[in-house]
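Below is entry-v3.csv, holding CSV, C-alpha atoms.
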chain,number,residue,atom,x,y,z
A,1,MET,CA,12.3,-15.0,-8.3
A,2,LEU,CA,15.6,-16.3,-6.9
A,3,PHE,CA,16.2,-12.8,-5.4
A,4,GLN,CA,12.9,-12.8,-3.7
A,5,ILE,CA,13.4,-16.3,-2.2
A,6,LYS,CA,16.7,-15.2,-0.8
A,7,SER,CA,15.2,-12.0,0.6
A,8,TYR,CA,12.4,-14.0,2.2
A,9,ILE,CA,14.7,-16.4,3.9
A,10,ASN,CA,16.7,-13.4,5.2
A,11,PHE,CA,13.4,-11.8,6.4
A,12,LEU,CA,12.4,-15.0,8.2
A,13,TRP,CA,15.8,-15.2,9.9
A,14,HIS,CA,15.5,-11.7,11.3
A,15,SER,CA,11.8,-11.2,11.8
A,16,LYS,CA,10.1,-11.2,15.3
A,17,ASN,CA,6.6,-11.1,16.7
A,18,GLU,CA,5.1,-8.8,19.3
A,19,HIS,CA,7.1,-10.3,22.2
A,20,ALA,CA,10.2,-8.7,20.9
A,21,VAL,CA,8.7,-5.2,20.6
A,22,HIS,CA,9.1,-2.7,23.4
A,23,SER,CA,7.6,0.4,21.8
A,24,PRO,CA,4.0,0.8,23.1
A,25,PHE,CA,2.9,2.3,19.8
A,26,VAL,CA,4.2,-0.5,17.7
A,27,PHE,CA,3.1,-3.2,20.2
A,28,ASN,CA,-0.4,-1.9,20.1
A,29,LEU,CA,-0.4,-1.7,16.3
A,30,ILE,CA,0.8,-5.3,16.1
A,31,THR,CA,-1.5,-6.8,18.7
A,32,LYS,CA,-4.7,-4.8,18.0
A,33,CYS,CA,-4.4,-4.4,14.3
A,34,PHE,CA,-1.9,-6.7,12.5
A,35,TYR,CA,-2.8,-9.8,14.6
A,36,ASP,CA,-6.5,-9.1,15.0
A,37,SER,CA,-8.1,-12.4,14.0
A,38,LYS,CA,-11.7,-11.5,14.8
A,39,PRO,CA,-14.1,-11.9,11.7
A,40,LYS,CA,-15.5,-8.8,10.1
A,41,PRO,CA,-18.5,-8.5,7.9
A,42,GLU,CA,-16.6,-6.4,5.5
A,43,TYR,CA,-14.3,-9.3,4.7
A,44,GLN,CA,-17.2,-10.9,2.9
A,45,VAL,CA,-17.6,-7.8,0.8
A,46,LEU,CA,-13.9,-7.9,-0.2
A,47,LYS,CA,-14.3,-11.6,-1.1
A,48,GLU,CA,-17.3,-10.8,-3.3
A,49,TYR,CA,-15.4,-7.9,-5.0
A,50,ARG,CA,-12.5,-10.3,-5.7
A,51,LYS,CA,-14.9,-13.0,-6.9
A,52,ALA,CA,-16.5,-10.6,-9.4
A,53,LEU,CA,-13.1,-9.7,-10.9
A,54,LEU,CA,-12.0,-13.4,-11.1
A,55,ALA,CA,-15.1,-14.1,-13.1
A,56,ASN,CA,-14.5,-11.4,-15.6
A,57,LYS,CA,-12.8,-12.9,-18.7
A,58,ASN,CA,-12.8,-9.7,-20.7
A,59,THR,CA,-9.5,-8.4,-21.8
A,60,ILE,CA,-8.1,-4.8,-21.7
A,61,GLU,CA,-5.1,-3.1,-23.1
A,62,VAL,CA,-2.9,-2.1,-20.2
A,63,THR,CA,-0.8,1.0,-20.2
A,64,ASP,CA,2.2,0.4,-17.9
A,65,PHE,CA,4.5,3.2,-16.8
A,66,GLY,CA,6.2,1.2,-14.1
A,67,ALA,CA,8.8,-1.6,-13.9
A,68,GLY,CA,6.5,-3.9,-15.9
A,69,SER,CA,5.1,-7.3,-15.0
A,70,LYS,CA,7.1,-10.4,-14.2
A,71,VAL,CA,4.1,-12.5,-15.2
A,72,PHE,CA,2.5,-10.9,-18.3
A,73,LYS,CA,4.3,-10.8,-21.6
A,74,SER,CA,1.8,-8.7,-23.3
A,75,ASN,CA,-0.2,-5.5,-22.5
A,76,ASN,CA,-3.4,-7.2,-23.7
A,77,ARG,CA,-4.5,-8.8,-20.4
A,78,GLU,CA,-7.5,-10.7,-19.1
A,79,ILE,CA,-9.1,-8.9,-16.1
A,80,ALA,CA,-9.4,-12.2,-14.2
A,81,LYS,CA,-5.7,-12.8,-14.6
A,82,ILE,CA,-4.8,-9.3,-13.5
A,83,ALA,CA,-6.9,-9.8,-10.4
A,84,ARG,CA,-5.3,-13.2,-9.7
A,85,THR,CA,-1.6,-12.2,-10.2
A,86,ALA,CA,-1.3,-8.4,-9.7
A,87,GLY,CA,-4.0,-7.6,-7.2
A,88,ILE,CA,-3.4,-7.9,-3.4
A,89,SER,CA,-4.4,-11.1,-1.8
A,90,GLN,CA,-7.5,-11.5,0.4
A,91,LYS,CA,-5.3,-11.7,3.5
A,92,ARG,CA,-3.6,-8.4,2.5
A,93,ALA,CA,-6.9,-6.8,1.7
A,94,GLU,CA,-8.2,-7.7,5.1
A,95,LEU,CA,-5.1,-6.3,6.7
A,96,LEU,CA,-5.4,-3.0,4.8
A,97,PHE,CA,-9.0,-2.8,5.9
A,98,ARG,CA,-7.9,-3.2,9.6
A,99,ILE,CA,-5.1,-0.5,9.1
A,100,SER,CA,-7.6,2.0,7.7
A,101,ASN,CA,-10.1,1.2,10.5
A,102,TYR,CA,-7.4,1.3,13.2
A,103,PHE,CA,-6.0,4.7,12.2
A,104,GLU,CA,-9.3,6.1,11.0
A,105,THR,CA,-7.6,7.3,7.8
A,106,ASP,CA,-9.8,10.2,6.7
A,107,THR,CA,-7.7,11.5,3.8
A,108,VAL,CA,-6.0,8.9,1.7
A,109,LEU,CA,-3.8,8.9,-1.4
A,110,GLU,CA,-3.4,5.6,-3.3
A,111,ILE,CA,-0.6,5.5,-5.9
A,112,GLY,CA,-1.7,2.7,-8.2
A,113,THR,CA,-5.4,1.8,-8.3
A,114,SER,CA,-5.1,-1.3,-10.5
A,115,LEU,CA,-8.5,-3.0,-10.3
A,116,GLY,CA,-9.4,-1.4,-6.9
A,117,LEU,CA,-8.9,-4.4,-4.6
A,118,ALA,CA,-6.8,-2.3,-2.2
A,119,THR,CA,-9.0,0.8,-2.8
A,120,ALA,CA,-12.1,-1.2,-1.7
A,121,ALA,CA,-10.3,-2.4,1.5
A,122,ILE,CA,-9.4,1.2,2.5
A,123,SER,CA,-12.8,2.5,1.7
A,124,LEU,CA,-14.5,-0.2,3.8
A,125,GLY,CA,-12.0,0.3,6.6
A,126,TYR,CA,-13.1,3.9,7.3
A,127,LYS,CA,-16.2,5.0,5.5
A,128,ASN,CA,-15.7,8.7,6.2
A,129,ALA,CA,-12.5,8.6,4.3
A,130,LYS,CA,-11.9,10.7,1.2
A,131,ILE,CA,-9.7,8.7,-1.1
A,132,THR,CA,-7.8,9.9,-4.1
A,133,THR,CA,-6.5,7.1,-6.2
A,134,LEU,CA,-4.0,7.5,-9.1
A,135,GLU,CA,-3.8,5.1,-12.0
A,136,GLY,CA,-1.8,5.5,-15.2
A,137,CYS,CA,-3.9,3.1,-17.3
A,138,PRO,CA,-7.3,4.5,-18.3
A,139,GLU,CA,-8.8,1.0,-19.0
A,140,THR,CA,-7.8,-0.4,-15.6
A,141,SER,CA,-9.1,2.7,-13.8
A,142,LYS,CA,-12.4,2.4,-15.7
A,143,ILE,CA,-12.8,-1.2,-14.5
A,144,ALA,CA,-12.0,-0.2,-10.9
A,145,GLN,CA,-14.4,2.7,-10.9
A,146,GLU,CA,-17.3,0.5,-12.2
A,147,ARG,CA,-16.6,-2.2,-9.6
A,148,LEU,CA,-16.4,0.2,-6.7
A,149,GLU,CA,-19.6,2.0,-7.7
A,150,LYS,CA,-21.4,-1.3,-8.0
A,151,PHE,CA,-20.4,-2.2,-4.5
A,152,GLY,CA,-21.6,1.2,-3.2
A,153,LEU,CA,-18.1,2.5,-2.4
A,154,THR,CA,-18.5,6.1,-3.5
A,155,ASN,CA,-15.9,7.9,-1.4
A,156,VAL,CA,-13.2,7.6,-4.1
A,157,GLU,CA,-11.9,10.2,-6.5
A,158,PHE,CA,-10.3,8.6,-9.6
A,159,VAL,CA,-7.4,10.3,-11.3
A,160,VAL,CA,-5.9,8.9,-14.5
A,161,SER,CA,-2.4,10.2,-14.8
A,162,GLU,CA,1.3,9.3,-14.8
A,163,PHE,CA,2.1,9.4,-11.1
A,164,SER,CA,5.2,11.7,-11.0
A,165,SER,CA,3.5,14.1,-13.4
A,166,TYR,CA,0.4,14.4,-11.1
A,167,LEU,CA,2.5,14.9,-8.0
A,168,GLU,CA,4.8,17.4,-9.6
A,169,LYS,CA,1.8,19.5,-10.7
A,170,LEU,CA,0.4,19.4,-7.2
A,171,ASN,CA,3.8,20.5,-5.8
A,172,LEU,CA,4.2,23.3,-8.3
A,173,SER,CA,0.7,24.6,-7.6
A,174,SER,CA,1.5,24.7,-3.9
A,175,LYS,CA,-1.7,22.7,-3.1
A,176,ILE,CA,0.4,19.9,-1.7
A,177,GLN,CA,1.7,22.3,0.9
A,178,THR,CA,-1.7,22.6,2.5
A,179,LYS,CA,-2.8,19.0,1.8
A,180,ASN,CA,-2.3,16.4,4.4
A,181,PHE,CA,-2.9,12.6,3.9
A,182,SER,CA,-3.4,10.4,6.9
A,183,LEU,CA,-2.6,7.4,4.7
A,184,ILE,CA,-0.6,7.0,1.5
A,185,TYR,CA,-0.4,3.6,-0.1
A,186,PHE,CA,2.4,3.4,-2.6
A,187,ASP,CA,1.7,0.6,-5.1
A,188,GLY,CA,2.3,2.0,-8.6
A,189,ASN,CA,5.9,1.9,-9.7
A,190,HIS,CA,8.4,-0.7,-8.5
A,191,GLN,CA,11.5,1.2,-9.5
A,192,LYS,CA,14.0,2.7,-7.0
A,193,GLN,CA,14.3,6.3,-8.4
A,194,ALA,CA,10.5,6.6,-9.0
A,195,THR,CA,9.8,5.4,-5.4
A,196,LEU,CA,12.2,7.9,-3.9
A,197,ASP,CA,10.9,10.7,-6.1
A,198,TYR,CA,7.4,10.1,-4.8
A,199,PHE,CA,8.7,10.0,-1.3
A,200,ASP,CA,10.4,13.4,-1.7
A,201,LEU,CA,7.4,15.0,-3.5
A,202,LEU,CA,5.0,13.9,-0.8
A,203,LEU,CA,7.1,14.8,2.3
A,204,PRO,CA,5.4,18.2,2.6
A,205,THR,CA,2.1,16.4,3.3
A,206,ILE,CA,3.2,14.5,6.4
A,207,THR,CA,1.9,15.1,9.9
A,208,ASN,CA,2.8,13.4,13.2
A,209,ASP,CA,0.1,10.8,12.6
A,210,THR,CA,0.7,10.0,8.9
A,211,VAL,CA,1.0,6.4,7.8
A,212,TRP,CA,2.8,5.5,4.6
A,213,ILE,CA,2.8,1.9,3.2
A,214,PHE,CA,5.2,0.9,0.5
A,215,ASP,CA,4.2,-2.3,-1.4
A,216,ASP,CA,6.8,-4.9,-2.6
A,217,ILE,CA,9.8,-3.5,-0.8
A,218,HIS,CA,11.7,-6.8,-1.5
A,219,TRP,CA,10.5,-7.0,-5.1
A,220,SER,CA,14.0,-6.4,-6.4
A,221,ALA,CA,17.4,-5.2,-5.3
A,222,GLU,CA,16.4,-1.8,-6.5
A,223,MET,CA,13.3,-1.7,-4.3
A,224,GLU,CA,15.3,-3.0,-1.3
A,225,GLY,CA,17.7,-0.1,-1.9
A,226,ALA,CA,14.9,2.4,-2.0
A,227,TRP,CA,13.6,0.9,1.3
A,228,GLU,CA,17.0,1.3,2.9
A,229,THR,CA,17.2,4.9,1.8
A,230,ILE,CA,13.7,5.7,3.2
A,231,LYS,CA,14.5,4.1,6.5
A,232,LYS,CA,17.5,6.4,6.9
A,233,HIS,CA,15.7,9.6,6.1
A,234,PRO,CA,16.0,12.1,9.0
A,235,LYS,CA,12.2,12.7,9.1
A,236,VAL,CA,11.4,9.0,9.4
A,237,THR,CA,11.3,7.7,12.9
A,238,VAL,CA,9.6,4.2,12.9
A,239,THR,CA,9.6,1.7,10.1
A,240,ILE,CA,8.1,-1.8,10.0
A,241,ASP,CA,9.1,-4.4,7.5
A,242,THR,CA,6.5,-7.1,7.0
A,243,PHE,CA,8.3,-8.4,3.8
A,244,GLN,CA,5.4,-7.6,1.4
A,245,TRP,CA,4.9,-4.1,2.9
A,246,GLY,CA,7.1,-1.5,4.5
A,247,PHE,CA,5.3,0.8,7.0
A,248,VAL,CA,6.7,4.3,7.6
A,249,PHE,CA,5.8,6.7,10.5
A,250,PHE,CA,7.0,10.2,11.2
A,251,ARG,CA,6.1,10.4,14.9
A,252,TYR,CA,8.5,13.0,16.4
A,253,GLU,CA,8.1,11.6,20.0
A,254,GLN,CA,9.3,8.2,18.9
A,255,PRO,CA,13.0,7.2,18.9
A,256,LYS,CA,14.3,6.1,15.5
A,257,GLU,CA,13.7,2.4,15.3
A,258,HIS,CA,13.3,-0.3,12.7
A,259,PHE,CA,11.2,-3.5,13.2
A,260,ILE,CA,11.0,-6.7,11.1
A,261,ILE,CA,7.6,-8.3,11.9
A,262,ARG,CA,6.0,-11.6,10.8
A,263,ILE,CA,2.4,-11.3,9.9
Rewrite the coordinates I just gave you, this time as C-alpha cells.
Amino acid sequence: MLFQIKSYINFLWHSKNEHAVHSPFVFNLITKCFYDSKPKPEYQVLKEYRKALLANKNTIEVTDFGAGSKVFKSNNREIAKIARTAGISQKRAELLFRISNYFETDTVLEIGTSLGLATAAISLGYKNAKITTLEGCPETSKIAQERLEKFGLTNVEFVVSEFSSYLEKLNLSSKIQTKNFSLIYFDGNHQKQATLDYFDLLLPTITNDTVWIFDDIHWSAEMEGAWETIKKHPKVTVTIDTFQWGFVFFRYEQPKEHFIIRI
C-alpha cells in the first residue's frame, strides 16, 4: 500500500491534462473519449450489473494463477466481496465502455474475465464486437457467463485456461499470426515476467490501429518495471499512463511519445 501511495504522489506531480498535449491523436482521445462527461443509457446497465453482483452473498472457490490478492486471505470468497474489491469501479467501467465505443473495437481479447464487469463494459461499448475472454478460474468464469447472458450480452466467447498456456498454444498453432485484435485488455496476472510474456506472445496480432490496455501498472515495483520495458519496446510508439491503466499504441505514423494524463 505504501508503494502505491508513493507512486500515486509521483503520478500526480508529473501528470497533465489535454492542454499539455500536442499530438492530435492523443488530444482527440482525451477530449472526446477520456473526458466525455455526457450521460449514456448503457451506464445504467453497468450499474445494474454491478448491483446484482454486490447482492450475491454466495461463495466460490477461486483458482488464482497470478500474483494473488492483497485483500483476500483465502481462496474461498464471497461473490459480493470479489465484485467490491477486485472488480473495476463504475467510473472505470464507464471509461472502458467509451474506449470500446470510440475505437469501435470489433475483435477483443480480455485476459482476466473475473466477474465480467469489464467484459460487460466492452460488450456494451461496441455491440458488433466479438470478444474472447480468458479466465483461469472455472467458478469465476461460470458466474461471469451467467451474469452476461442474463443481461443479454451474448457476443462473448469464454475460455477457461491458464493464460500463458492458451496464448502459447495459439502461437504454436500459427493461428495467432492471422488473428488481429483491435483491443486487448490485460487484467489477469500482476507479475512482471508474466505481463512481458503476454506482451511478446501477442505482438504478432498488432495492427496500426490496435489498442492495448494494461491494468494496475503501478500495482507493485515489478509492474512498474514491466510498464517501463513495454514503453521502450521499438514497436510501441505512443503510451498513456493514467495511473490505474497504461494505454499502448503501435501507430507507425506517430513519433515515439509518452503521456501521463489525469482522468
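We find atom CA of A:Glu224 and atom CA of A:Arg98 to be spaced 25.6 Å apart.
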Discussion item. So that I can check the surroundings of stretch 190-201 of chain A, please list as number ranges by chain every protein, DNA and RNA residue that reaches within 10 Å of it, counting only C-alpha atoms and ignoring chain neighbours fewer than 2 positions away.
Written reply: A: 65-69, 111, 163-164, 167-168, 170-171, 176, 186-188, 203-205, 212, 214-227, 229-230
Worksheet entry | Non-local contacts of A:Tyr185 (12 Å; all atoms listed in the file; under 3 positions in same chain excluded) as JSON, numbers by chain | {"A": [96, 99, 100, 105, 107, 108, 109, 110, 111, 112, 113, 118, 119, 121, 122, 131, 132, 133, 134, 181, 182, 188, 189, 195, 198, 199, 202, 210, 211, 212, 213, 214, 215, 216, 245, 246, 247, 248]}
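Residues in contact range of A:Arg77, defined as at most 8 Å between all atoms listed in the file, with sequence neighbours fewer than 2 positions away removed, read A:Thr59, A:Ile60, A:Glu61, A:Val62, A:Phe72, A:Ser74, A:Asn75, A:Ile79, A:Lys81, A:Ile82.
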Fill in: Nearest to A:Lys127 by atom-to-atom distance, counting only C-alpha atoms, from A:Ile261, A:Leu153, A:Leu183, A:Ala52
A:Leu153
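Of note, atom CA of A:Arg262 and atom CA of A:Thr242 are spaced 5.9 Å apart.
Remark: for A:Pro138, the closest of the candidate residues A:Ile240, A:Glu253, A:Gly87, A:Val160 is A:Val160 (distances computed over all atoms listed in the file).
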Fill in: Exercise: A:Ser141 partners within 8 Å, only C-alpha atoms, chain neighbours under 2 positions left out, as a list in words
Thr113, Ser114, Leu115, Glu135, Gly136, Cys137, Pro138, Glu139, Ile143, Ala144, Gln145, Phe158 and Val160 of chain A
Worksheet item: What does the distance between atom CA of A:Trp13 and atom CA of A:His258 come to in Å, to one decimal place?
Response: 15.4 Å
Fill in: Nearest candidate to A:Lys256 (options A:Ala129, A:Glu48, A:Phe3, A:Ser23; using only C-alpha atoms)
A:Ser23
Fill in: Among the residues A:Tyr252, A:Phe243, A:Phe11, A:Phe97, the one that comes closest to A:Asp36 [using all atoms listed in the file]
A:Phe97
Worksheet entry | A:Ala80 surroundings by all atoms listed in the file, 9 Å radius, close-in-sequence under 2 positions cut, as an NGL selection string | :A and (52-59 or 77-78 or 82-85)
Padded axis-aligned box of stretch 159-165 of chain A (6 Å per side), centre and edge lengths, Å, one decimal, as JSON:
{"center_x": -1.1, "center_y": 11.5, "center_z": -12.9, "size_x": 24.6, "size_y": 17.2, "size_z": 15.8}
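Of the listed residues A:Lys6, A:Asn208, A:Glu104, A:Asn17, the one whose atoms come nearest to A:Thr237 is A:Asn208, with distances taken using only C-alpha atoms.
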Worksheet entry | Sel. within 6 Å of pt (-11.5, -4.7, -6.8), counting only C-alpha atoms, output as a ChimeraX atom specification | /A:49-50,115-117
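In terms of minimum interatomic distance to A:Ala86, A:Thr140 ranks closest within A:Thr140, A:Asp106, A:Tyr35, A:Pro255, counting all atoms listed in the file.
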Expected answer as an mmCIF file with C-alpha atoms, in the frame of the given file: all residues with atoms within 10 Å of (2.9, -9.7, 15.8), all atoms listed in the file:
data_model
loop_
_atom_site.group_PDB
_atom_site.id
_atom_site.type_symbol
_atom_site.label_atom_id
_atom_site.label_comp_id
_atom_site.auth_asym_id
_atom_site.auth_seq_id
_atom_site.Cartn_x
_atom_site.Cartn_y
_atom_site.Cartn_z
ATOM 1 C CA SER A 15 11.800 -11.200 11.800
ATOM 2 C CA LYS A 16 10.100 -11.200 15.300
ATOM 3 C CA ASN A 17 6.600 -11.100 16.700
ATOM 4 C CA GLU A 18 5.100 -8.800 19.300
ATOM 5 C CA HIS A 19 7.100 -10.300 22.200
ATOM 6 C CA ALA A 20 10.200 -8.700 20.900
ATOM 7 C CA VAL A 21 8.700 -5.200 20.600
ATOM 8 C CA VAL A 26 4.200 -0.500 17.700
ATOM 9 C CA PHE A 27 3.100 -3.200 20.200
ATOM 10 C CA ASN A 28 -0.400 -1.900 20.100
ATOM 11 C CA LEU A 29 -0.400 -1.700 16.300
ATOM 12 C CA ILE A 30 0.800 -5.300 16.100
ATOM 13 C CA THR A 31 -1.500 -6.800 18.700
ATOM 14 C CA LYS A 32 -4.700 -4.800 18.000
ATOM 15 C CA CYS A 33 -4.400 -4.400 14.300
ATOM 16 C CA PHE A 34 -1.900 -6.700 12.500
ATOM 17 C CA TYR A 35 -2.800 -9.800 14.600
ATOM 18 C CA ASP A 36 -6.500 -9.100 15.000
ATOM 19 C CA THR A 242 6.500 -7.100 7.000
ATOM 20 C CA ILE A 260 11.000 -6.700 11.100
ATOM 21 C CA ILE A 261 7.600 -8.300 11.900
ATOM 22 C CA ARG A 262 6.000 -11.600 10.800
ATOM 23 C CA ILE A 263 2.400 -11.300 9.900
#
